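Below is one structure, written out as structure tokens; comments come after it.
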Amino acid sequence: MIFDTHAHYEDRAFDADREALIQSLPVRGISPVVDVGSSLTTSREALALADRVGFFYAAVGLHPDAAEEASEDTIRELERLARDPKAVAVGEIGLDYHWPDPPRDVQKRAFSMQLDMAARLRLPVIIHSRDAEKDTEDILRAWGVPVNTVLHCYSYSVESALTFAGMGLYFGIGGALTFKKTKKLKEVVKRLPADRILLETDCPYMAPEPVRGTRNSSLNLPFVAQAVAQLRGTSAEEVIRVTAANARRFFHV
């Protein structure tokens with residue numbers, strides 16, 4: 001079975017057929033799934049979904065776009081949510097400098113607050129890092145990476161990947177790997193240690209070729225597994241087996 005380590009089934013894009021689609025996943029070889037929050041509201045929704053669907057788990061956290069939500073009260077509420085048995089990670093949290101807002105100091109404060117929360121709870125961390133490589137590395141080094149940590153939708157260089165791998169991080173690989181222009185990511189996947197690769201969709205976003213431009217779902221993960229297999233000279237079945245074992249080790253499930 002394919003383990004989808006990063007999905008957003010609470011997203012409004014799934015309102016029309018959410019239940020039917022979710023129930024089809026195990027039949028099509030997808031299970032478990034981690035539904036990942038990006039705000040206090042979506043964290044609650046992700047956890048409610050995980051509590052209702054047996055093979056779903058949840059991550060709770062504030063995406064950098066929601067960094068201005070971070071406060072002592074918000075962190076206390078996230079920590080309460082994170083103590084639910086179906087909450088298996090803090091995320092997605094991190095830094096995104098692609099746009100000017102929220103301000104970088106606000107993002108860094110929210111990131112650090114949530115990293116500290118994850119360390120207190122001994123929960124894995126799912127990191128969003130876009131155009132913020134140095135600050136991400138610096139903050140993680142200062143934090144010490146005391147729990148399992150994944151760089152979701154990895155987008156930096158091979159050299160940085162090897163540096164992050166040396167710090168003990170995992171790497172979320174999804175539909176972008178299949179895009180024609182992602183040569184750098186393809187080289188990263190060739191070089192990563194096999195035990196550090198996780199499969200993810202980021203659905204409803206980032207649909208792989210040949211369905212790029214449509215609403216993504218976990219049903220498209222075989223395209224990603226096949227792309228990883230071709231790059232690493234192995235079979236899709238072996239990629240699925242290894243990455244599922246990695247994910248179970250990462251999330252302690």
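Chain labels follow the order of the structure tokens: the first chain is A, the next B, and so on; residue numbering restarts at 1 in every chain, and ligands are counted from 1 in their shown order.
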Residues near Asp35 (chain A), anyone? I mean within 6 Å using only C-alpha atoms, not counting same-chain ones fewer than 2 positions away, as a PyMOL selection string. chain A and resi 7-8+46+58
May I have the residues from that selection written out with C-alpha atoms, as a PDB file, in the first residue's frame?
```pdb
ATOM      1  CA  ALA A   7      -2.555  15.677   1.761  1.00  0.00           C
ATOM      2  CA  HIS A   8      -5.223  18.350   2.294  1.00  0.00           C
ATOM      3  CA  ALA A  46      -7.813  17.705   9.487  1.00  0.00           C
ATOM      4  CA  ALA A  58      -3.580  14.410  11.038  1.00  0.00           C
TER       5      ALA A  58
END
```
Exercise: Leu199 (chain A) partners within 10 Å, only C-alpha atoms, chain neighbours under 3 positions left out, as a ChimeraX atom specification: /A:2-6,152-153,171-175,202,218,221-222,224-225,228,239-240,243-244,246-247
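Comparing the minimum interatomic distances between Tyr170 (chain A) and each of A:Ser235, A:Gln230, A:Arg249, A:Ser112, counting only C-alpha atoms, we find that A:Arg249 sits nearest.
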Out of A:Glu19, A:Asp116, A:Glu92, A:Asp73, which residue has the shortest atom-to-atom distance to Ser43 (chain A) when counting only C-alpha atoms?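 Looking only at the distances to Ser43 (chain A), the closest residue turns out to be A:Glu92.
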So which bits of region 25-231 of chain A end up strand (DSSP E or B) when you DSSP the backbone, as a PyMOL selection string? chain A and resi 30-36+56-60+87-96+125-130+149-152+170-173+197-199+203
Show me, as a ChimeraX atom specification, the residues that have an atom within 10 Å of Gly94 (chain A) when counting only C-alpha atoms, minus same-chain residues fewer than 3 positions from it. /A:61-65,67,91,107-112,114-115,125-130,132,135-136,139,151-152
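Taking only C-alpha atoms into account, Lys190 (chain A) lies nearest to A:Leu231 out of the set A:Leu231, A:Val147, A:Leu219, A:Ala165.
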For Leu121 (chain A), which of A:Glu187, A:Glu68, A:Glu209, A:Asp84 is the closest residue, counting only C-alpha atoms?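 Between A:Glu187, A:Glu68, A:Glu209, A:Asp84, the residue approaching Leu121 (chain A) most closely is A:Asp84.
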Compile the contact shell of Gly168 (chain A) as an MDAnalysis selection string: residues with an atom at most 10 Å away, counting only C-alpha atoms, same-chain residues fewer than 5 positions apart removed. chainID A and resid 145:150 162:163 196
DSSP on the backbone: what in region 120-169 of chain A comes out alpha helix (DSSP H), as a list in words? Arg120, Leu121, Glu133, Lys134, Asp135, Thr136, Glu137, Asp138, Ile139, Leu140, Arg141, Ala142, Trp143, Val158, Glu159, Ser160, Ala161, Leu162, Thr163, Phe164, Ala165 and Gly166 of chain A
Contacts of Leu49 (chain A) at 12 Å (only C-alpha atoms; same-chain gap of 2+ positions) as a count of residues only: 30
Between CA of Trp99 (chain A) and CA of Asp15 (chain A), what is the spacing in Å? 28.3 Å
So how far away is CA of Pro102 (chain A) from CA of Arg80 (chain A), in Å?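 Going from CA of Arg80 (chain A) over to CA of Pro102 (chain A), I get 25.2 Å.
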Let me make sure I understand: among A:Ala70, A:Val158, A:Ile197, A:Ala176, which one has the smallest atom-to-atom distance to Val211 (chain A) if we use only C-alpha atoms?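 Smallest distance to Val211 (chain A) is found for A:Ala176.
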Work out how far apart CA of Leu123 (chain A) and CA of Ala89 (chain A) are and give it in Å to one decimal. 5.2 Å
